[in-house]
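Everything below concerns the one structure shown next.
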Amino acid sequence: MAAAAVGELAQRLRALPDVAEVLTRPGELFSYESDGLTLERGMPACVAFPITTEAVSAIVRTCNEFGVPYLPRGAGTGLSGGATPVAGGVVIECARMDRVLEIDATNRTATVQPGVINEHLSQVVRPLGLFYAPDPSSQSACTIGGNVAENSGGPHTLKYGTTSPHVLALEVVLPDSSVVRLGRRDGHGHGYDLRGVFVGSEGTLGIVCAATVRLVPLPETVCTLLGGFATLRDACAAVSAIIAQGIVPSALELLDDRTIDAVEASVYAAGYPRDARAVLLVELDGVAVAVERERERIVEILRAQRAIEVRVARDEAERLALWRGRKGAFGAMGRLAPDLYVHDAVVPRTRLPDVVDAINRAAEARGVRIANILHAGDGNLHPNLSFDRRDPEQLRTIRELGGEILRICIDAGGVLSGEHGIGLEKRDYMCLMFSEADLEPMRWVHDAFDPDDRCNPGKQIPAPRACAESNPRQRGYERVSF
Amino acid sequence: MGDAFEAIVGVAHVERPARARLAGARVDAIVRPANALELAACLRAASEAKIAVVACGGGTRQHLGNPLDTESCVRLELGRIASHVDVDPDEGIATLDAGVRIRELEARLAACGKISVFSQLPADGSIGGALAADPFGPDWTLDRRLPNELLGLETALANGELTAAGGRVVKNVTGFDLVRLYCGSLGTLGVITRATFRLRARPECERIVAARFTSLEEGVRVFASASVSAEPAAAALRPDGVGAELLCRLVGDEKAVERKAAQLSGEGVPLEAWLRVRAALATPPDLGRARVRLSARPSDVATLCRTATEVAGADALRAVFPLAGSIVLEVDDARLPLVSAAAERCDALFLAERAPGAGPAPCDVYGAAPDSLALMRAVKARFDPQRVLAPGRFVGGI
């Protein structure tokens with residue numbers, strides 16, 4: 001976009017009511033080149049800060065007049081490049097739309113603007129005995145709008161689900177700049193579930209300007225246990241044994257030996273057993289009498305599955321200490337190399353040990369340092385690849401390894417993403433999982449919302465015919481598995 | 001046109017009924033494809049010839065929706081698409097063909113101590129039919145709705161393609177969530193041919209607790225305070241002429257259930273009492289009558305009851321589901337427009353079920369059109385450009 005045109009566009013945007021600020025200087029735009037996935041970058045023409053739905057609508061209308069693309073952004077903590085402005089255009093920064101609009105304690109809902117920080121919402125409703133359940137690791141920074149765009153998960157997804165089932169209604173600015181309500185604040189609805197389609201559409205169908213979300217009662221009690229294991233395979237067997245017993249913990253988190261080492265050598269040190277090759281964190285919550293019985297059963301299961309150490313947090317301080325290591329694990333890995341690629345995929349839970357072994361072998365073959373964190377109860381794995389992006393060779397190797405990890409997971413019956421989304425990172429790998437025919441309905445939906453393809457273009461769905469060579473049917477499957 | 005279907009499924013699997021009707025339209029043929037590929041081919045043939053088709057699973061929910069806006073249709077029965085039943089208790093998932101009856105699924109799950117979201121639906125229904133209809137029942141809650149338990153779908157589209165959406169794992173954010181789009185779309189975007197969904201452990205304890213009140217209003221009020229701590233899985237209040245009976249379904253750990261039952265101050269009753277509530281909602285209304293569900297927030301149910309009583313009379317009210325924020329009434333067909341208008345005034349969701357074989361509807365059975373109807377129409381136009389998939393039956397005549 002020519003500098004003169006950018007100047008005129010910025011001037012128009014600055015003149016709009018309820019647009020708090022518009023950034024255009026290169027130094028100011030630098031922070032908006034990427035989200036948490038630093039492998040991909042792009043420079044926006046400008047960044048606009050609306051504070052109301054009407055302002056978002058006006059910005060979109062102005063972008064349409066100028067024929068420039070735009071994309072929404074929350075805190076920029078996404079990990080798949082969903083908020084990276086690869087097509088240039090206008091970044092619509094929703095961080096200042098940060099008001100909690102309504103709390104309905106009776107019906108256990110809250111209506112918030114998209115820039116409300118995830119953890120802040122839980123803090124606000126805690127005195128009412130409620131909390132907002134989806135808890136991405138970045139919850140102290142990430143926003144509800146971003147969570148809606150990415151259908152974010154977190155450690156407690158195992159019991160509470162990802163963002164989608166917690167979103168009742170959305171107020172959305174569509175790519176034609178109109179404002180529409182998807183879903184109802186009471187959670188009922190009829191007609192196509194466009195709310196359900198919109199959640200997780202990564203800002204490609206429109207911009208969330210308000211969300212009514214479900215709140216959950218604070219559990220009567222919470223109990224966290226640690227199991228240390230001599231092998232990752234033993235730890236995975238313990239996970240399966242727990243679920244086979246019909247117990248649904250609120251979290252089942254697994255850290256491998258390299259993650260344990262990184263955590264224990266960092267400020268996040270949690271006292272994890274250094275002689276263990278895997279640490280399993282089990283969290284139970286609910287009615288006290290039920291949690292007490294489940295805790296006893298879990299201890300038995302962990303011991304039966306050859307845990308070399310079993311620890312039950314005796315109080316809240318110990319519980320938080322156990323979680324400090326898990327939540328700080330990504331930060332702890334920052335000590336290992338300048339850059340960290342946090343990968344995300346899901347496999348059938350029973351395949352986890354084989355898949356982690358295969359991924360570790362693939363990393364070792366390429367000389368890449370890898371550490372694994374798993375939401376083991378969901379089969380969701382996060383291989384974390386340490387590298388230095390200033391070295392082009394390392395960058396190339398990391399990209400190759402990322403693709404190899406996805407192939408390993410898909411071949412094991414898994415999917416490309418459990419909670420980070422597709423964005424730019426995995427767009428061209430969609431063909432590993434879906435045929436051209438499978439992707440076509442997604443394009444139809446996109447076309448119904450955004451026929452001019454101006455809203456966060458180039459994300460999530462590969463271009464038509466990109467899968468012609470690699471789709472599952474071409475690879476010899478008579479029927480597409482799902 | 002019948003020849004095209006015969007060429008796909010074989011002469012033996014095409015029936016030409018003399019006087020059959022479906023959703024207000026004449027049924028020219030009943031076609032029974034053997035598998036999903038044949039079904040997809042049938043949809044392509046229907047699109048090419050612009051013939052309306054209506055998919056039918058167990059046939060238990062065919063009375064849902066508006067009448068077709070065509071004179072004739074072809075009924076596509078999914079009963080033969082029922083060979084694939086894969087229950088994986090270790091992984092906690094199951095994948096079934098759409099024509100499999102819920103009864104068969106239940107038998108398989110009972111053998112391995114599991115349940116699914118289908119367990120609360122009528123046994124005669126099919127997996128595909130339930131997914132297309134996404135019916136409301138007394139166990140409906142915000143967090144245990146059918147779409148929340150679905151993981152993946154195989155769907156035949158109007159263009160003849162057999163497509164996959166979702167996956168076979170319990171956590172997945174890969175691309176648009178088409179699973180939620182197809183679920184509950186009443187076969188107007190495509191026909192679901194196979195589904196993967198979560199299995200849950202059979203609860204250690206399931207108990208039904210009953211309490212009596214002198215009036216429905218009292219029941220609503222008492223439940224609102226008692227349920228905060230007792231947290232029942234589901235609840236139903238039913239007027240009985242002299243007052244109202246509250247039934248609460250409690251599930252989970254035995255000691256926890258005992259404690260919850262004590263908090264509700266009710267008495268234990270056989271599970272059959274709850275099964276009767278389920279059955280009452282699953283049975284179509286009599287000819288000339290309609291069953292209407294009005295839904296809003298849980299705190300709105302008292303207002304909904306008053307509104308319903310004003311426009312339909314006190315005897316119209318059949319049940320209140322306080323956790324869901326829904327009430328159910330039965331009225332004469334002719335009163336539907338009045339009830340629909342009242343629902344719109346108090347921003348409640350209106351949904352009417354009419355008897356099988358009922359004539360033209362006096363109003364849209366889905367009530368006032370949602371804010372997003374234009375978007376829905378745009379989606380429909382892209383999925384079904386020839387408008388052959390159950391045309392007219394869905395919201396706003398989609």
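Residues in the structure tokens are named by chain (A, B, ... in the order shown) and by number from 1 within that chain; ligands are numbered from 1 in the order shown.
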
Segment 130-135 of chain B: which residues within 9 Å, counting only C-alpha atoms, same-chain residues fewer than 6 positions away excluded, as a PDB file with C-alpha atoms, in the first residue's frame?
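Just written: selection.pdb:
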ATOM      1  CA  GLY B  57     -33.537 -42.230   9.969  1.00  0.00           C
ATOM      2  CA  GLY B  58     -35.722 -43.965  12.512  1.00  0.00           C
ATOM      3  CA  THR B  60     -39.331 -40.718  15.083  1.00  0.00           C
ATOM      4  CA  ARG B  61     -38.781 -37.005  14.415  1.00  0.00           C
ATOM      5  CA  GLN B  62     -40.288 -36.579  10.960  1.00  0.00           C
ATOM      6  CA  LEU B  64     -40.380 -31.603  13.203  1.00  0.00           C
ATOM      7  CA  ALA B  98     -26.230 -42.905  10.736  1.00  0.00           C
ATOM      8  CA  PHE B 118     -27.761 -40.547  22.840  1.00  0.00           C
ATOM      9  CA  LEU B 121     -33.050 -40.273  23.537  1.00  0.00           C
ATOM     10  CA  ARG B 145     -26.020 -30.678  24.652  1.00  0.00           C
ATOM     11  CA  LEU B 146     -25.660 -33.146  21.833  1.00  0.00           C
ATOM     12  CA  PRO B 147     -23.273 -31.022  19.712  1.00  0.00           C
ATOM     13  CA  TYR B 182     -24.556 -29.828  10.416  1.00  0.00           C
ATOM     14  CA  CYS B 183     -25.890 -30.928  13.797  1.00  0.00           C
ATOM     15  CA  GLY B 184     -29.491 -29.790  14.146  1.00  0.00           C
ATOM     16  CA  SER B 185     -29.738 -28.519  10.574  1.00  0.00           C
ATOM     17  CA  LEU B 186     -32.585 -30.945   9.817  1.00  0.00           C
ATOM     18  CA  GLY B 187     -30.894 -32.324   6.717  1.00  0.00           C
ATOM     19  CA  THR B 188     -31.057 -29.005   4.884  1.00  0.00           C
ATOM     20  CA  VAL B 191     -27.205 -35.781   5.102  1.00  0.00           C
ATOM     21  CA  ILE B 192     -25.104 -37.090   7.983  1.00  0.00           C
ATOM     22  CA  ALA B 195     -20.709 -39.875  13.418  1.00  0.00           C
ATOM     23  CA  ALA B 282     -40.513 -37.681  22.415  1.00  0.00           C
TER      24      ALA B 282
END

Select all residues from chain B having any atom no more than 8 Å from an atom of chain A (counting only C-alpha atoms, ignoring ligands), output as a compact mmCIF listing (two decimals) with N, CA and C atoms, in the first residue's frame.
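And here is the file that came out, result.txt:
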# COMPACT_ATOMS: atom_id res chain seq x y z
N PRO B 89 -14.13 -48.35 24.05
CA PRO B 89 -14.22 -47.87 25.43
C PRO B 89 -12.90 -47.36 25.98
N ASP B 90 -11.77 -47.90 25.49
CA ASP B 90 -10.47 -47.44 26.00
C ASP B 90 -10.21 -45.99 25.60
N GLU B 91 -10.54 -45.68 24.36
CA GLU B 91 -10.32 -44.32 23.87
C GLU B 91 -11.46 -43.40 24.29
N LEU B 142 -27.03 -26.66 29.27
CA LEU B 142 -26.10 -25.92 28.43
C LEU B 142 -24.81 -26.69 28.18
N ASP B 143 -24.38 -27.47 29.16
CA ASP B 143 -23.08 -28.11 28.99
C ASP B 143 -23.17 -29.55 28.51
N ASN B 148 -22.08 -30.77 21.84
CA ASN B 148 -20.87 -30.71 22.65
C ASN B 148 -20.19 -32.07 22.76
N GLY B 152 -16.83 -35.90 15.31
CA GLY B 152 -16.63 -35.88 13.86
C GLY B 152 -17.86 -36.38 13.12
N LEU B 153 -18.02 -35.92 11.90
CA LEU B 153 -19.15 -36.34 11.08
C LEU B 153 -18.69 -36.63 9.67
N GLU B 154 -19.33 -37.62 9.07
CA GLU B 154 -19.22 -37.80 7.63
C GLU B 154 -20.58 -37.38 7.07
N GLU B 161 -20.77 -35.22 -3.05
CA GLU B 161 -19.51 -35.54 -2.37
C GLU B 161 -19.79 -36.08 -0.97
N LEU B 162 -18.97 -37.03 -0.57
CA LEU B 162 -19.01 -37.55 0.79
C LEU B 162 -17.85 -36.91 1.53
N THR B 163 -18.16 -36.13 2.56
CA THR B 163 -17.12 -35.28 3.16
C THR B 163 -16.95 -35.56 4.65
N ALA B 164 -15.76 -35.24 5.12
CA ALA B 164 -15.45 -35.42 6.55
C ALA B 164 -15.34 -34.06 7.23
N ALA B 165 -15.77 -34.02 8.47
CA ALA B 165 -15.59 -32.82 9.31
C ALA B 165 -15.26 -33.30 10.71
N GLY B 166 -14.40 -32.53 11.40
CA GLY B 166 -14.02 -32.94 12.75
C GLY B 166 -12.99 -34.05 12.71
N GLY B 167 -12.98 -34.89 13.73
CA GLY B 167 -11.99 -35.95 13.79
C GLY B 167 -12.43 -37.06 14.72
N ARG B 168 -11.46 -37.92 15.09
CA ARG B 168 -11.76 -39.03 15.99
C ARG B 168 -10.99 -38.87 17.30
N VAL B 169 -10.77 -37.63 17.68
CA VAL B 169 -10.12 -37.35 18.96
C VAL B 169 -11.00 -36.39 19.75
N VAL B 170 -10.74 -36.29 21.05
CA VAL B 170 -11.68 -35.57 21.91
C VAL B 170 -11.42 -34.07 21.97
N LYS B 171 -10.38 -33.61 21.29
CA LYS B 171 -10.06 -32.18 21.31
C LYS B 171 -9.56 -31.82 19.92
N ASN B 172 -10.14 -30.79 19.32
CA ASN B 172 -9.84 -30.57 17.91
C ASN B 172 -10.28 -29.17 17.50
N VAL B 173 -9.36 -28.36 17.03
CA VAL B 173 -9.74 -27.05 16.51
C VAL B 173 -9.13 -26.87 15.12
N THR B 174 -9.40 -27.82 14.26
CA THR B 174 -8.81 -27.83 12.93
C THR B 174 -9.82 -27.35 11.90
N GLY B 175 -9.76 -26.09 11.54
CA GLY B 175 -10.68 -25.55 10.54
C GLY B 175 -12.02 -25.17 11.16
N PHE B 176 -12.94 -24.72 10.30
CA PHE B 176 -14.26 -24.33 10.81
C PHE B 176 -14.95 -25.54 11.44
N ASP B 177 -15.71 -25.28 12.48
CA ASP B 177 -16.42 -26.36 13.18
C ASP B 177 -17.71 -26.70 12.43
N LEU B 178 -17.56 -27.45 11.35
CA LEU B 178 -18.73 -27.81 10.55
C LEU B 178 -19.61 -28.83 11.26
N ARG B 180 -20.74 -28.64 14.23
CA ARG B 180 -21.83 -27.89 14.87
C ARG B 180 -22.80 -27.33 13.83
N LEU B 181 -22.29 -27.04 12.65
CA LEU B 181 -23.17 -26.50 11.61
C LEU B 181 -24.17 -27.56 11.14
N TYR B 182 -23.68 -28.77 10.93
CA TYR B 182 -24.56 -29.83 10.42
C TYR B 182 -25.53 -30.33 11.49
N GLY B 184 -28.28 -30.58 13.94
CA GLY B 184 -29.49 -29.79 14.15
C GLY B 184 -29.96 -29.03 12.93
N SER B 185 -29.35 -29.28 11.76
CA SER B 185 -29.74 -28.52 10.57
C SER B 185 -30.85 -29.21 9.80
N THR B 196 -18.83 -39.70 14.91
CA THR B 196 -17.97 -40.09 16.03
C THR B 196 -18.30 -39.19 17.20
N ARG B 200 -19.06 -41.66 27.83
CA ARG B 200 -18.85 -41.28 29.23
C ARG B 200 -19.01 -42.52 30.11
N ALA B 201 -18.37 -42.50 31.24
CA ALA B 201 -18.53 -43.61 32.17
C ALA B 201 -19.96 -43.60 32.72
N ARG B 202 -20.55 -44.78 32.83
CA ARG B 202 -21.88 -44.87 33.43
C ARG B 202 -21.77 -44.39 34.87
N ASP B 253 -21.17 -39.69 42.01
CA ASP B 253 -20.66 -40.45 43.15
C ASP B 253 -21.80 -40.70 44.15
N LYS B 255 -22.05 -41.05 47.40
CA LYS B 255 -22.16 -40.19 48.60
C LYS B 255 -22.56 -38.76 48.22
N ALA B 256 -22.05 -38.31 47.09
CA ALA B 256 -22.41 -36.97 46.65
C ALA B 256 -23.89 -36.91 46.29
N SER B 295 -38.41 -20.92 25.43
CA SER B 295 -37.15 -20.97 26.18
C SER B 295 -36.55 -19.59 26.34
N ALA B 296 -35.98 -19.39 27.50
CA ALA B 296 -35.26 -18.15 27.79
C ALA B 296 -34.22 -18.49 28.86
N ARG B 297 -33.88 -17.51 29.70
CA ARG B 297 -32.92 -17.81 30.75
C ARG B 297 -33.62 -18.55 31.90
N PRO B 298 -32.90 -19.32 32.67
CA PRO B 298 -33.53 -20.02 33.79
C PRO B 298 -34.34 -19.09 34.69
N SER B 299 -33.85 -17.87 34.91
CA SER B 299 -34.57 -16.96 35.81
C SER B 299 -35.86 -16.43 35.18
N GLY B 325 -34.36 -23.40 31.43
CA GLY B 325 -35.06 -22.16 31.15
C GLY B 325 -36.16 -22.37 30.12
N LEU B 349 -37.50 -17.96 22.98
CA LEU B 349 -37.41 -18.77 21.78
C LEU B 349 -38.67 -19.62 21.66
N TYR B 366 -40.90 -22.23 13.87
CA TYR B 366 -39.71 -21.75 14.58
C TYR B 366 -39.90 -20.33 15.12
N PRO B 370 -34.43 -15.47 13.47
CA PRO B 370 -33.28 -14.93 14.21
C PRO B 370 -32.61 -13.81 13.43
N ASP B 371 -31.83 -13.04 14.17
CA ASP B 371 -31.08 -11.91 13.64
C ASP B 371 -30.23 -12.31 12.42
N SER B 372 -29.76 -13.53 12.43
CA SER B 372 -28.79 -13.97 11.44
C SER B 372 -29.41 -14.74 10.28
N LEU B 373 -30.73 -14.58 10.06
CA LEU B 373 -31.39 -15.37 9.02
C LEU B 373 -30.77 -15.13 7.63
N LEU B 375 -27.71 -14.49 6.88
CA LEU B 375 -26.48 -15.28 6.81
C LEU B 375 -26.80 -16.76 6.61
N MET B 376 -27.82 -17.22 7.32
CA MET B 376 -28.20 -18.63 7.20
C MET B 376 -28.63 -18.94 5.76
N ALA B 378 -27.62 -17.39 3.14
CA ALA B 378 -26.41 -17.37 2.30
C ALA B 378 -25.66 -18.70 2.41
N VAL B 379 -25.62 -19.24 3.61
CA VAL B 379 -24.95 -20.54 3.81
C VAL B 379 -25.71 -21.63 3.05
N ARG B 382 -25.19 -21.79 -0.70
CA ARG B 382 -23.91 -22.33 -1.17
C ARG B 382 -23.84 -23.83 -1.01
N PHE B 383 -24.46 -24.35 0.03
CA PHE B 383 -24.44 -25.81 0.24
C PHE B 383 -25.44 -26.52 -0.67
N PHE B 394 -36.88 -25.65 7.30
CA PHE B 394 -36.10 -25.15 8.44
C PHE B 394 -36.50 -23.71 8.77
N VAL B 395 -35.76 -23.13 9.66
CA VAL B 395 -36.04 -21.78 10.16
C VAL B 395 -36.23 -20.78 9.02

**OP:** Pick out each residue of segment 161-389 of chain B that DSSP on the backbone tags as helix (DSSP H, G or I); I need them as an MDAnalysis selection string.
**Re:** chainID B and resid 178:182 216:230 254:264 272:282 298:312 314:316 333:345 373:383

For C-alpha atoms, I'd like the residues from the last selection saved as an mmCIF file, in the first residue's frame.
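This went into part.cif:
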data_model
loop_
_atom_site.group_PDB
_atom_site.id
_atom_site.type_symbol
_atom_site.label_atom_id
_atom_site.label_comp_id
_atom_site.auth_asym_id
_atom_site.auth_seq_id
_atom_site.Cartn_x
_atom_site.Cartn_y
_atom_site.Cartn_z
ATOM 1 C CA LEU B 178 -18.731 -27.811 10.546
ATOM 2 C CA VAL B 179 -19.812 -30.500 12.992
ATOM 3 C CA ARG B 180 -21.831 -27.893 14.870
ATOM 4 C CA LEU B 181 -23.167 -26.505 11.607
ATOM 5 C CA TYR B 182 -24.556 -29.828 10.416
ATOM 6 C CA LEU B 216 -46.134 -24.374 40.042
ATOM 7 C CA GLU B 217 -44.943 -20.930 41.087
ATOM 8 C CA GLU B 218 -43.942 -22.233 44.500
ATOM 9 C CA GLY B 219 -42.100 -25.112 42.865
ATOM 10 C CA VAL B 220 -40.164 -22.766 40.595
ATOM 11 C CA ARG B 221 -39.253 -20.527 43.534
ATOM 12 C CA VAL B 222 -38.133 -23.314 45.863
ATOM 13 C CA PHE B 223 -36.171 -25.071 43.142
ATOM 14 C CA ALA B 224 -34.308 -21.891 42.260
ATOM 15 C CA SER B 225 -32.808 -21.680 45.732
ATOM 16 C CA ALA B 226 -32.361 -25.405 46.421
ATOM 17 C CA SER B 227 -30.681 -26.165 43.105
ATOM 18 C CA VAL B 228 -27.792 -23.779 43.729
ATOM 19 C CA SER B 229 -26.199 -26.184 46.172
ATOM 20 C CA ALA B 230 -27.781 -29.456 45.089
ATOM 21 C CA GLU B 254 -22.997 -42.266 45.537
ATOM 22 C CA LYS B 255 -22.157 -40.193 48.597
ATOM 23 C CA ALA B 256 -22.410 -36.970 46.649
ATOM 24 C CA VAL B 257 -25.799 -37.995 45.291
ATOM 25 C CA GLU B 258 -26.972 -38.833 48.811
ATOM 26 C CA ARG B 259 -25.967 -35.391 49.986
ATOM 27 C CA LYS B 260 -27.664 -33.665 47.069
ATOM 28 C CA ALA B 261 -30.857 -35.642 47.647
ATOM 29 C CA ALA B 262 -30.883 -34.481 51.265
ATOM 30 C CA GLN B 263 -30.445 -30.863 50.182
ATOM 31 C CA LEU B 264 -33.464 -31.150 47.904
ATOM 32 C CA GLU B 272 -39.318 -44.827 35.497
ATOM 33 C CA ALA B 273 -40.768 -41.504 36.640
ATOM 34 C CA TRP B 274 -37.999 -39.713 34.742
ATOM 35 C CA LEU B 275 -38.288 -42.028 31.742
ATOM 36 C CA ARG B 276 -41.963 -41.037 31.494
ATOM 37 C CA VAL B 277 -40.966 -37.368 31.288
ATOM 38 C CA ARG B 278 -38.558 -38.216 28.478
ATOM 39 C CA ALA B 279 -41.166 -40.277 26.656
ATOM 40 C CA ALA B 280 -43.806 -37.558 26.908
ATOM 41 C CA LEU B 281 -41.555 -35.135 25.018
ATOM 42 C CA ALA B 282 -40.513 -37.681 22.415
ATOM 43 C CA PRO B 298 -33.532 -20.022 33.793
ATOM 44 C CA SER B 299 -34.572 -16.958 35.806
ATOM 45 C CA ASP B 300 -37.253 -16.216 33.206
ATOM 46 C CA VAL B 301 -39.308 -19.391 33.614
ATOM 47 C CA ALA B 302 -41.828 -17.800 35.977
ATOM 48 C CA THR B 303 -42.448 -15.043 33.407
ATOM 49 C CA LEU B 304 -42.734 -17.634 30.658
ATOM 50 C CA CYS B 305 -45.320 -19.544 32.683
ATOM 51 C CA ARG B 306 -47.405 -16.395 33.188
ATOM 52 C CA THR B 307 -47.167 -15.480 29.513
ATOM 53 C CA ALA B 308 -48.160 -18.969 28.424
ATOM 54 C CA THR B 309 -51.082 -19.024 30.805
ATOM 55 C CA GLU B 310 -52.332 -15.659 29.541
ATOM 56 C CA VAL B 311 -52.348 -16.625 25.874
ATOM 57 C CA ALA B 312 -53.055 -20.353 26.040
ATOM 58 C CA ALA B 314 -53.587 -22.540 32.534
ATOM 59 C CA ASP B 315 -54.339 -26.049 31.346
ATOM 60 C CA ALA B 316 -51.965 -25.704 28.385
ATOM 61 C CA ASP B 333 -52.846 -25.561 16.115
ATOM 62 C CA ALA B 334 -54.931 -22.441 15.672
ATOM 63 C CA ARG B 335 -53.447 -20.811 18.759
ATOM 64 C CA LEU B 336 -49.857 -21.098 17.539
ATOM 65 C CA PRO B 337 -49.664 -17.561 16.082
ATOM 66 C CA LEU B 338 -50.820 -16.099 19.407
ATOM 67 C CA VAL B 339 -48.236 -18.031 21.384
ATOM 68 C CA SER B 340 -45.517 -17.222 18.843
ATOM 69 C CA ALA B 341 -46.289 -13.511 19.080
ATOM 70 C CA ALA B 342 -46.254 -13.665 22.881
ATOM 71 C CA ALA B 343 -42.878 -15.413 22.794
ATOM 72 C CA GLU B 344 -41.472 -12.704 20.576
ATOM 73 C CA ARG B 345 -42.727 -10.009 22.936
ATOM 74 C CA LEU B 373 -31.389 -15.365 9.019
ATOM 75 C CA ALA B 374 -29.814 -13.632 6.008
ATOM 76 C CA LEU B 375 -26.482 -15.283 6.806
ATOM 77 C CA MET B 376 -28.205 -18.632 7.200
ATOM 78 C CA ARG B 377 -29.808 -18.213 3.790
ATOM 79 C CA ALA B 378 -26.411 -17.371 2.303
ATOM 80 C CA VAL B 379 -24.953 -20.543 3.805
ATOM 81 C CA LYS B 380 -27.853 -22.651 2.537
ATOM 82 C CA ALA B 381 -27.520 -21.201 -0.966
ATOM 83 C CA ARG B 382 -23.909 -22.330 -1.173
ATOM 84 C CA PHE B 383 -24.442 -25.806 0.243
#

**OP:** From a DSSP pass on the backbone, collect the residues of segment 198-359 of chain B flagged as strand (DSSP E) and hand them back as JSON, numbers by chain.
**Re:** {"B": [198, 200, 201, 205, 206, 207, 208, 209, 210, 211, 212, 213, 234, 235, 236, 237, 238, 239, 244, 245, 246, 247, 248, 249, 250, 251, 252, 267, 268, 269, 289, 290, 291, 292, 293, 294, 295, 317, 318, 319, 320, 321, 326, 327, 328, 329, 330, 331, 332, 349, 350, 351, 352, 353, 354]}

All residues 9 Å or closer to Gly206 of chain A, only C-alpha atoms, same chain fewer than 6 positions away omitted, as an mmCIF file with C-alpha atoms, in the first residue's frame:
data_model
loop_
_atom_site.group_PDB
_atom_site.id
_atom_site.type_symbol
_atom_site.label_atom_id
_atom_site.label_comp_id
_atom_site.auth_asym_id
_atom_site.auth_seq_id
_atom_site.Cartn_x
_atom_site.Cartn_y
_atom_site.Cartn_z
ATOM 1 C CA LEU A 71 -7.731 -8.436 10.810
ATOM 2 C CA PRO A 72 -8.704 -8.433 14.469
ATOM 3 C CA VAL A 172 -20.171 -9.658 15.602
ATOM 4 C CA VAL A 173 -19.196 -7.105 12.971
ATOM 5 C CA LEU A 174 -19.439 -8.889 9.644
ATOM 6 C CA PRO A 175 -17.162 -8.151 6.688
ATOM 7 C CA ASP A 176 -19.906 -5.998 5.138
ATOM 8 C CA SER A 177 -19.654 -3.877 8.347
ATOM 9 C CA PHE A 198 -17.755 -18.557 14.205
ATOM 10 C CA PHE A 449 -19.618 -14.397 5.443
ATOM 11 C CA ASP A 450 -16.826 -12.708 3.498
ATOM 12 C CA CYS A 455 -11.242 -10.270 6.647
ATOM 13 C CA ASN A 456 -7.929 -11.779 7.782
#

**OP:** For Val355 of chain A, work out the shell of residues within 9 Å, counting only C-alpha atoms and skipping chain neighbours fewer than 3 positions away, then give it as a VMD selection string.
**Re:** chain A and resid 347 351 to 352 358 to 360 405 408 to 409 412

For the residues in the current selection, export C-alpha atoms as a PDB file, in the first residue's frame.
ATOM      1  CA  VAL A 347      -3.710 -38.006  18.791  1.00  0.00           C
ATOM      2  CA  ARG A 351      -1.279 -43.627  20.987  1.00  0.00           C
ATOM      3  CA  LEU A 352       0.532 -40.950  22.998  1.00  0.00           C
ATOM      4  CA  ALA A 358       8.437 -41.012  17.142  1.00  0.00           C
ATOM      5  CA  ILE A 359       8.536 -37.231  17.555  1.00  0.00           C
ATOM      6  CA  ASN A 360      11.582 -37.392  19.816  1.00  0.00           C
ATOM      7  CA  ILE A 405       5.446 -33.918  13.641  1.00  0.00           C
ATOM      8  CA  ILE A 408       3.346 -38.472  12.595  1.00  0.00           C
ATOM      9  CA  CYS A 409       0.208 -37.304  14.412  1.00  0.00           C
ATOM     10  CA  ALA A 412      -1.605 -42.024  14.219  1.00  0.00           C
TER      11      ALA A 412
END

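Atom CA of Gly160 of chain B sits 17.8 Å away from atom CA of Cys73 of chain B.
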
**OP:** Give the answer as one residue: which of A:Ala262, A:Ala276, A:Ala365, A:Ala87 has the shortest atom-to-atom distance to Ala332 of chain A, using only C-alpha atoms?
**Re:** A:Ala262

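Closest to Ser47 of chain B among B:Val14, B:Ile398, B:Leu157, B:Ala94 is B:Leu157, based on only C-alpha atoms.
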
Subject >> Contacts of Glu309 of chain A within 10 Å, only C-alpha atoms, excl. fewer than 6 positions in-chain, as a VMD selection string >> reply: chain A and resid 226 to 230 272 to 273 275 to 276 279 302 to 303

Subject >> Given only C-alpha atoms as the counted atoms, nearest of B:Val87, B:Leu96, B:Cys346, B:Ala7 to Arg108 of chain B >> reply: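 Looking at the shortest contact to Arg108 of chain B, the residue is B:Val87.
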
Subject >> Between atom CA of Asp124 of chain B and atom CA of Val320 of chain B - distance in Å to one decimal >> reply: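 Computing the Euclidean distance for atom CA of Val320 of chain B and atom CA of Asp124 of chain B yields 25.3 Å.
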
Original post:
Restricting the calculation to only C-alpha atoms, which member of A:Ala20, A:Ala251, A:Glu40, A:Val47 is positioned closest to Pro134 of chain A?
Top reply: A:Ala251

Could you list, as a PDB file with C-alpha atoms, in the first residue's frame, every residue within 6 Å of Ile51 of chain B, counting only C-alpha atoms and ignoring same-chain residues fewer than 2 positions away?
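The resulting around10.pdb:
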ATOM      1  CA  ALA B  46     -31.615 -35.177  -6.982  1.00  0.00           C
ATOM      2  CA  ALA B  49     -32.988 -33.216 -11.580  1.00  0.00           C
ATOM      3  CA  VAL B 388     -33.353 -29.884  -2.993  1.00  0.00           C
TER       4      VAL B 388
END
